file data.pdb (PDB, C-alpha atoms, pLDDT in the B column)
ATOM      1  CA  MET A   1     -13.686  40.703 -34.065  1.00 39.00           C
ATOM      2  CA  SER A   2     -10.439  42.078 -35.440  1.00 43.00           C
ATOM      3  CA  GLY A   3      -8.026  44.770 -34.386  1.00 48.00           C
ATOM      4  CA  PRO A   4      -7.045  45.846 -30.896  1.00 56.00           C
ATOM      5  CA  ILE A   5      -9.568  46.093 -28.085  1.00 56.00           C
ATOM      6  CA  PRO A   6     -10.675  49.718 -27.748  1.00 58.00           C
ATOM      7  CA  ALA A   7      -9.271  51.681 -24.798  1.00 61.00           C
ATOM      8  CA  GLY A   8     -11.767  51.759 -21.957  1.00 62.00           C
ATOM      9  CA  PHE A   9     -13.578  48.616 -23.159  1.00 51.00           C
ATOM     10  CA  ASP A  10     -15.174  46.761 -20.262  1.00 59.00           C
ATOM     11  CA  ALA A  11     -16.221  43.226 -21.202  1.00 54.00           C
ATOM     12  CA  GLU A  12     -18.410  42.983 -18.109  1.00 57.00           C
ATOM     13  CA  LYS A  13     -20.510  45.901 -19.326  1.00 58.00           C
ATOM     14  CA  ALA A  14     -20.571  45.015 -23.028  1.00 54.00           C
ATOM     15  CA  ASP A  15     -24.149  44.845 -24.300  1.00 57.00           C
ATOM     16  CA  ASN A  16     -23.590  41.778 -26.438  1.00 60.00           C
ATOM     17  CA  LEU A  17     -21.449  39.740 -24.025  1.00 57.00           C
ATOM     18  CA  GLU A  18     -24.158  37.075 -23.783  1.00 63.00           C
ATOM     19  CA  ASP A  19     -24.386  36.907 -27.582  1.00 67.00           C
ATOM     20  CA  ILE A  20     -20.616  36.531 -27.869  1.00 65.00           C
ATOM     21  CA  GLU A  21     -20.640  33.714 -25.293  1.00 65.00           C
ATOM     22  CA  LYS A  22     -23.436  31.978 -27.205  1.00 70.00           C
ATOM     23  CA  GLN A  23     -21.437  32.245 -30.441  1.00 73.00           C
ATOM     24  CA  PHE A  24     -18.407  30.648 -28.771  1.00 73.00           C
ATOM     25  CA  ALA A  25     -20.615  27.880 -27.360  1.00 76.00           C
ATOM     26  CA  VAL A  26     -22.146  27.229 -30.784  1.00 77.00           C
ATOM     27  CA  LYS A  27     -18.680  26.985 -32.370  1.00 82.00           C
ATOM     28  CA  ALA A  28     -17.501  24.586 -29.641  1.00 83.00           C
ATOM     29  CA  VAL A  29     -20.553  22.357 -30.102  1.00 83.00           C
ATOM     30  CA  GLN A  30     -20.146  22.398 -33.897  1.00 88.00           C
ATOM     31  CA  HIS A  31     -16.522  21.335 -33.445  1.00 88.00           C
ATOM     32  CA  LEU A  32     -17.416  18.408 -31.163  1.00 91.00           C
ATOM     33  CA  GLU A  33     -20.213  17.277 -33.485  1.00 92.00           C
ATOM     34  CA  THR A  34     -17.877  17.402 -36.490  1.00 95.00           C
ATOM     35  CA  TYR A  35     -15.119  15.523 -34.663  1.00 96.00           C
ATOM     36  CA  TRP A  36     -17.556  12.834 -33.467  1.00 96.00           C
ATOM     37  CA  ALA A  37     -18.965  12.423 -36.989  1.00 95.00           C
ATOM     38  CA  ILE A  38     -15.425  11.980 -38.349  1.00 97.00           C
ATOM     39  CA  LEU A  39     -14.628   9.359 -35.683  1.00 97.00           C
ATOM     40  CA  GLN A  40     -17.758   7.474 -36.732  1.00 97.00           C
ATOM     41  CA  LYS A  41     -16.518   7.356 -40.333  1.00 97.00           C
ATOM     42  CA  VAL A  42     -12.757   6.907 -39.827  1.00 97.00           C
ATOM     43  CA  LYS A  43     -10.878   4.889 -37.217  1.00 97.00           C
ATOM     44  CA  GLY A  44      -9.164   7.310 -34.853  1.00 97.00           C
ATOM     45  CA  SER A  45      -5.949   5.304 -35.168  1.00 97.00           C
ATOM     46  CA  SER A  46      -5.724   6.273 -38.853  1.00 97.00           C
ATOM     47  CA  LEU A  47      -6.859   9.888 -38.431  1.00 97.00           C
ATOM     48  CA  ARG A  48      -4.654  12.963 -38.606  1.00 97.00           C
ATOM     49  CA  LEU A  49      -5.996  16.035 -36.823  1.00 97.00           C
ATOM     50  CA  THR A  50      -3.259  18.440 -37.938  1.00 96.00           C
ATOM     51  CA  GLN A  51      -0.222  18.453 -40.200  1.00 95.00           C
ATOM     52  CA  MET A  52       1.852  18.423 -37.010  1.00 97.00           C
ATOM     53  CA  ASP A  53       0.382  15.380 -35.221  1.00 98.00           C
ATOM     54  CA  ASP A  54       3.754  13.642 -34.866  1.00 98.00           C
ATOM     55  CA  ASP A  55       5.423  16.750 -33.430  1.00 98.00           C
ATOM     56  CA  ILE A  56       2.518  17.455 -31.082  1.00 98.00           C
ATOM     57  CA  LEU A  57       2.546  13.887 -29.752  1.00 98.00           C
ATOM     58  CA  GLU A  58       6.311  13.925 -29.169  1.00 98.00           C
ATOM     59  CA  HIS A  59       6.073  17.317 -27.482  1.00 98.00           C
ATOM     60  CA  LEU A  60       3.240  16.016 -25.240  1.00 98.00           C
ATOM     61  CA  LYS A  61       5.345  13.002 -24.226  1.00 98.00           C
ATOM     62  CA  THR A  62       8.312  15.259 -23.452  1.00 98.00           C
ATOM     63  CA  GLU A  63       6.408  17.889 -21.451  1.00 97.00           C
ATOM     64  CA  PHE A  64       3.896  15.516 -19.815  1.00 97.00           C
ATOM     65  CA  PRO A  65       5.663  12.141 -19.451  1.00 97.00           C
ATOM     66  CA  GLU A  66       3.085  11.132 -16.829  1.00 97.00           C
ATOM     67  CA  PHE A  67       0.170  11.591 -19.240  1.00 97.00           C
ATOM     68  CA  ASP A  68      -1.738   8.377 -19.970  1.00 98.00           C
ATOM     69  CA  PRO A  69      -4.327   8.818 -22.743  1.00 98.00           C
ATOM     70  CA  SER A  70      -6.375   5.881 -21.428  1.00 98.00           C
ATOM     71  CA  GLU A  71      -6.979   7.493 -18.043  1.00 97.00           C
ATOM     72  CA  THR A  72      -9.693   9.925 -16.974  1.00 97.00           C
ATOM     73  CA  ILE A  73      -8.577  13.549 -17.127  1.00 97.00           C
ATOM     74  CA  ASP A  74      -8.695  15.264 -13.757  1.00 95.00           C
ATOM     75  CA  GLU A  75     -10.115  18.699 -14.563  1.00 94.00           C
ATOM     76  CA  ASP A  76      -9.024  20.137 -11.207  1.00 94.00           C
ATOM     77  CA  LYS A  77      -5.425  19.059 -11.806  1.00 94.00           C
ATOM     78  CA  LEU A  78      -5.552  20.260 -15.410  1.00 93.00           C
ATOM     79  CA  LYS A  79      -6.837  23.683 -14.396  1.00 92.00           C
ATOM     80  CA  SER A  80      -4.753  24.065 -11.229  1.00 95.00           C
ATOM     81  CA  LYS A  81      -2.135  26.836 -11.108  1.00 96.00           C
ATOM     82  CA  THR A  82       0.653  24.362 -11.946  1.00 96.00           C
ATOM     83  CA  GLY A  83      -1.436  22.632 -14.608  1.00 95.00           C
ATOM     84  CA  LYS A  84      -2.296  25.917 -16.287  1.00 95.00           C
ATOM     85  CA  GLU A  85       1.360  27.017 -16.288  1.00 96.00           C
ATOM     86  CA  ARG A  86       2.555  23.735 -17.818  1.00 97.00           C
ATOM     87  CA  TRP A  87      -0.154  23.723 -20.478  1.00 96.00           C
ATOM     88  CA  ARG A  88       0.348  27.406 -21.299  1.00 96.00           C
ATOM     89  CA  LYS A  89       4.029  26.738 -21.956  1.00 97.00           C
ATOM     90  CA  PHE A  90       3.087  23.747 -24.136  1.00 97.00           C
ATOM     91  CA  MET A  91       0.436  25.665 -26.068  1.00 96.00           C
ATOM     92  CA  MET A  92       2.526  28.750 -26.751  1.00 96.00           C
ATOM     93  CA  ALA A  93       4.842  26.641 -28.917  1.00 97.00           C
ATOM     94  CA  TYR A  94       1.954  26.462 -31.403  1.00 97.00           C
ATOM     95  CA  GLU A  95       0.849  30.095 -31.326  1.00 95.00           C
ATOM     96  CA  LYS A  96       2.063  30.769 -34.861  1.00 94.00           C
ATOM     97  CA  LYS A  97       1.800  27.182 -36.138  1.00 96.00           C
ATOM     98  CA  ILE A  98      -1.748  25.981 -35.378  1.00 95.00           C
ATOM     99  CA  LYS A  99      -4.777  28.051 -36.337  1.00 92.00           C
ATOM    100  CA  ASP A 100      -7.086  28.766 -33.396  1.00 90.00           C
ATOM    101  CA  TYR A 101      -4.625  27.004 -31.054  1.00 92.00           C
ATOM    102  CA  ASN A 102      -6.247  28.649 -28.027  1.00 91.00           C
ATOM    103  CA  PHE A 103      -9.884  28.574 -29.150  1.00 89.00           C
ATOM    104  CA  GLY A 104     -12.229  26.988 -26.605  1.00 89.00           C
ATOM    105  CA  THR A 105     -13.024  23.372 -27.449  1.00 92.00           C
ATOM    106  CA  MET A 106     -14.919  20.522 -25.792  1.00 94.00           C
ATOM    107  CA  LEU A 107     -12.897  17.499 -24.649  1.00 96.00           C
ATOM    108  CA  ARG A 108     -14.173  14.184 -23.316  1.00 97.00           C
ATOM    109  CA  THR A 109     -12.654  13.389 -19.931  1.00 96.00           C
ATOM    110  CA  HIS A 110     -12.153   9.719 -20.853  1.00 97.00           C
ATOM    111  CA  PRO A 111     -11.708   7.999 -24.219  1.00 97.00           C
ATOM    112  CA  LYS A 112     -14.459   5.465 -23.485  1.00 96.00           C
ATOM    113  CA  PHE A 113     -17.072   8.178 -22.909  1.00 94.00           C
ATOM    114  CA  GLU A 114     -19.265   9.866 -25.477  1.00 94.00           C
ATOM    115  CA  TYR A 115     -19.705  13.625 -25.310  1.00 93.00           C
ATOM    116  CA  ASP A 116     -22.080  14.294 -22.427  1.00 91.00           C
ATOM    117  CA  GLN A 117     -22.654  17.056 -19.903  1.00 89.00           C
ATOM    118  CA  ASP A 118     -20.914  15.097 -17.130  1.00 92.00           C
ATOM    119  CA  THR A 119     -18.028  13.736 -19.219  1.00 93.00           C
ATOM    120  CA  THR A 120     -16.969  16.810 -21.173  1.00 93.00           C
ATOM    121  CA  ILE A 121     -14.772  19.751 -20.220  1.00 93.00           C
ATOM    122  CA  PHE A 122     -13.936  23.029 -21.936  1.00 92.00           C
ATOM    123  CA  VAL A 123     -10.263  23.377 -22.905  1.00 94.00           C
ATOM    124  CA  PRO A 124      -8.087  25.321 -25.354  1.00 94.00           C
ATOM    125  CA  ARG A 125      -7.826  23.699 -28.813  1.00 95.00           C
ATOM    126  CA  MET A 126      -4.168  22.664 -28.318  1.00 97.00           C
ATOM    127  CA  GLN A 127      -5.084  20.624 -25.245  1.00 97.00           C
ATOM    128  CA  PHE A 128      -7.795  18.946 -27.292  1.00 97.00           C
ATOM    129  CA  TYR A 129      -5.338  18.206 -30.103  1.00 98.00           C
ATOM    130  CA  ALA A 130      -2.665  16.858 -27.772  1.00 98.00           C
ATOM    131  CA  VAL A 131      -5.061  14.577 -25.863  1.00 98.00           C
ATOM    132  CA  GLU A 132      -7.009  13.361 -28.890  1.00 98.00           C
ATOM    133  CA  ILE A 133      -3.881  12.733 -30.987  1.00 98.00           C
ATOM    134  CA  ALA A 134      -2.515  10.606 -28.126  1.00 98.00           C
ATOM    135  CA  ARG A 135      -5.837   8.752 -27.803  1.00 98.00           C
ATOM    136  CA  ASN A 136      -6.075   8.185 -31.548  1.00 98.00           C
ATOM    137  CA  ARG A 137      -2.525   6.882 -31.855  1.00 98.00           C
ATOM    138  CA  ALA A 138      -3.203   4.450 -28.999  1.00 98.00           C
ATOM    139  CA  GLY A 139      -6.357   3.216 -30.773  1.00 98.00           C
ATOM    140  CA  LEU A 140      -8.513   4.385 -27.879  1.00 98.00           C
ATOM    141  CA  ASN A 141     -11.102   6.051 -30.124  1.00 98.00           C
ATOM    142  CA  ASP A 142     -11.486   3.185 -32.613  1.00 98.00           C
ATOM    143  CA  TRP A 143     -14.521   1.903 -30.680  1.00 98.00           C
ATOM    144  CA  ILE A 144     -16.512   4.894 -31.943  1.00 97.00           C
ATOM    145  CA  TYR A 145     -15.983   3.828 -35.568  1.00 97.00           C
ATOM    146  CA  GLU A 146     -16.657   0.168 -34.761  1.00 96.00           C
ATOM    147  CA  LYS A 147     -19.897   1.021 -32.915  1.00 95.00           C
ATOM    148  CA  ALA A 148     -21.109   3.261 -35.766  1.00 95.00           C
ATOM    149  CA  GLN A 149     -20.335   0.604 -38.379  1.00 94.00           C
ATOM    150  CA  ALA A 150     -22.127  -2.103 -36.363  1.00 92.00           C
ATOM    151  CA  GLU A 151     -25.180   0.164 -36.009  1.00 91.00           C
ATOM    152  CA  LYS A 152     -25.178   0.724 -39.786  1.00 87.00           C
ATOM    153  CA  LYS A 153     -25.367  -3.027 -40.383  1.00 84.00           C
ATOM    154  CA  SER A 154     -28.241  -3.638 -37.988  1.00 77.00           C
TER     155      SER A 154
END
call {"tool": "encode", "arguments": {"input": "data.pdb", "output": "structure tokens"}}
result
Amino acid sequence: MSGPIPAGFDAEKADNLEDIEKQFAVKAVQHLETYWAILQKVKGSSLRLTQMDDDILEHLKTEFPEFDPSETIDEDKLKSKTGKERWRKFMMAYEKKIKDYNFGTMLRTHPKFEYDQDTTIFVPRMQFYAVEIARNRAGLNDWIYEKAQAEKKS
């Protein structure tokens, strides 16, 4: 969809709202499947997700010094009023720098979990990048590669 939203447009009454939601869901699932497949082929610790990984990681450490990539993400805290405000400020720094910075993306709540209904949350792409870059740099996703390689050999 391109261009401004037409005057008088009501998303709640749009005929194809369900189709649009399905398209977003399909894109989010394709993204998670692609990311998982990459992690199975390349150690996360040697992976670059964007051309700005270093800057994003430093910015994350500055704005969220309490963030520990090895811990479980608390979705309620993340999506609280304060959490949303902090993350919005963080994300807006990438509005013109990272394509689809605010596109909905699936994120695992803990680096030791695979993508699963109970261990995955829906977040904007910049949150995904920030969290996964931090996890990758800490070597927390390397187990995915190691498990895939061991399964190949057996």
call {"tool": "atom_distance", "arguments": {"input": "data.pdb", "atom1": "atom CA of A:Arg88", "atom2": "atom CA of A:Arg125"}}
result
11.7 Å
call {"tool": "residues_around", "arguments": {"input": "data.pdb", "residues": "A:Glu75", "least_positions_apart": "4", "cutoff": "9 Å", "atoms": "all atoms listed in the file", "output": "list in words"}}
result
Lys79, Ser80, Thr109 and Ile121 of chain A
call {"tool": "resolve_selection", "arguments": {"input": "data.pdb", "expression": "the PyMOL selection byres ((chain A and resi 69-73) around 6)", "output": "count of residues only"}}
result
7
call {"tool": "resolve_selection", "arguments": {"input": "data.pdb", "expression": "the PyMOL selection byres ((chain A and resi 35) around 12)", "output": "number ranges by chain"}}
result
A: 28-34, 36-44, 47-49, 105-108, 114-115, 128-129, 132, 141, 144-145
call {"tool": "closest_residue", "arguments": {"input": "data.pdb", "among": "A:Phe67, A:Lys152, A:Gly104, A:Glu85", "to": "A:Val131", "atoms": "all atoms listed in the file"}}
result
A:Phe67
call {"tool": "atom_distance", "arguments": {"input": "data.pdb", "atom1": "atom CA of A:Gln127", "atom2": "atom CA of A:Trp87"}}
result
7.5 Å
call {"tool": "resolve_selection", "arguments": {"input": "data.pdb", "expression": "the PyMOL selection byres ((chain A and resi 90) around 9)", "output": "list in words"}}
result
His59, Leu60, Glu63, Glu85, Arg86, Trp87, Arg88, Lys89, Met91, Met92, Ala93, Tyr94, Met126 and Gln127 of chain A
call {"tool": "closest_residue", "arguments": {"input": "data.pdb", "among": "A:Lys22, A:Lys27, A:Lys99, A:Lys112", "to": "A:Gly139", "atoms": "all atoms listed in the file"}}
result
A:Lys112
call {"tool": "closest_residue", "arguments": {"input": "data.pdb", "among": "A:Glu151, A:Asp118, A:Glu58, A:Glu66", "to": "A:Ile133", "atoms": "all atoms listed in the file"}}
result
A:Glu58
call {"tool": "atom_distance", "arguments": {"input": "data.pdb", "atom1": "atom CA of A:Asp53", "atom2": "atom CA of A:Phe122"}}
result
21.0 Å
call {"tool": "axis_aligned_box", "arguments": {"input": "data.pdb", "around": "stretch 124-134 of chain A", "padding_each_side": "6 Å", "output": "lines of an AutoDock Vina configuration file"}}
result
center_x = -5.3
center_y = 18.0
center_z = -28.1
size_x = 17.6
size_y = 26.7
size_z = 17.7
call {"tool": "closest_residue", "arguments": {"input": "data.pdb", "among": "A:Gln117, A:Ala130, A:Ser45, A:Asp100", "to": "A:Thr62", "atoms": "all atoms listed in the file"}}
result
A:Ala130
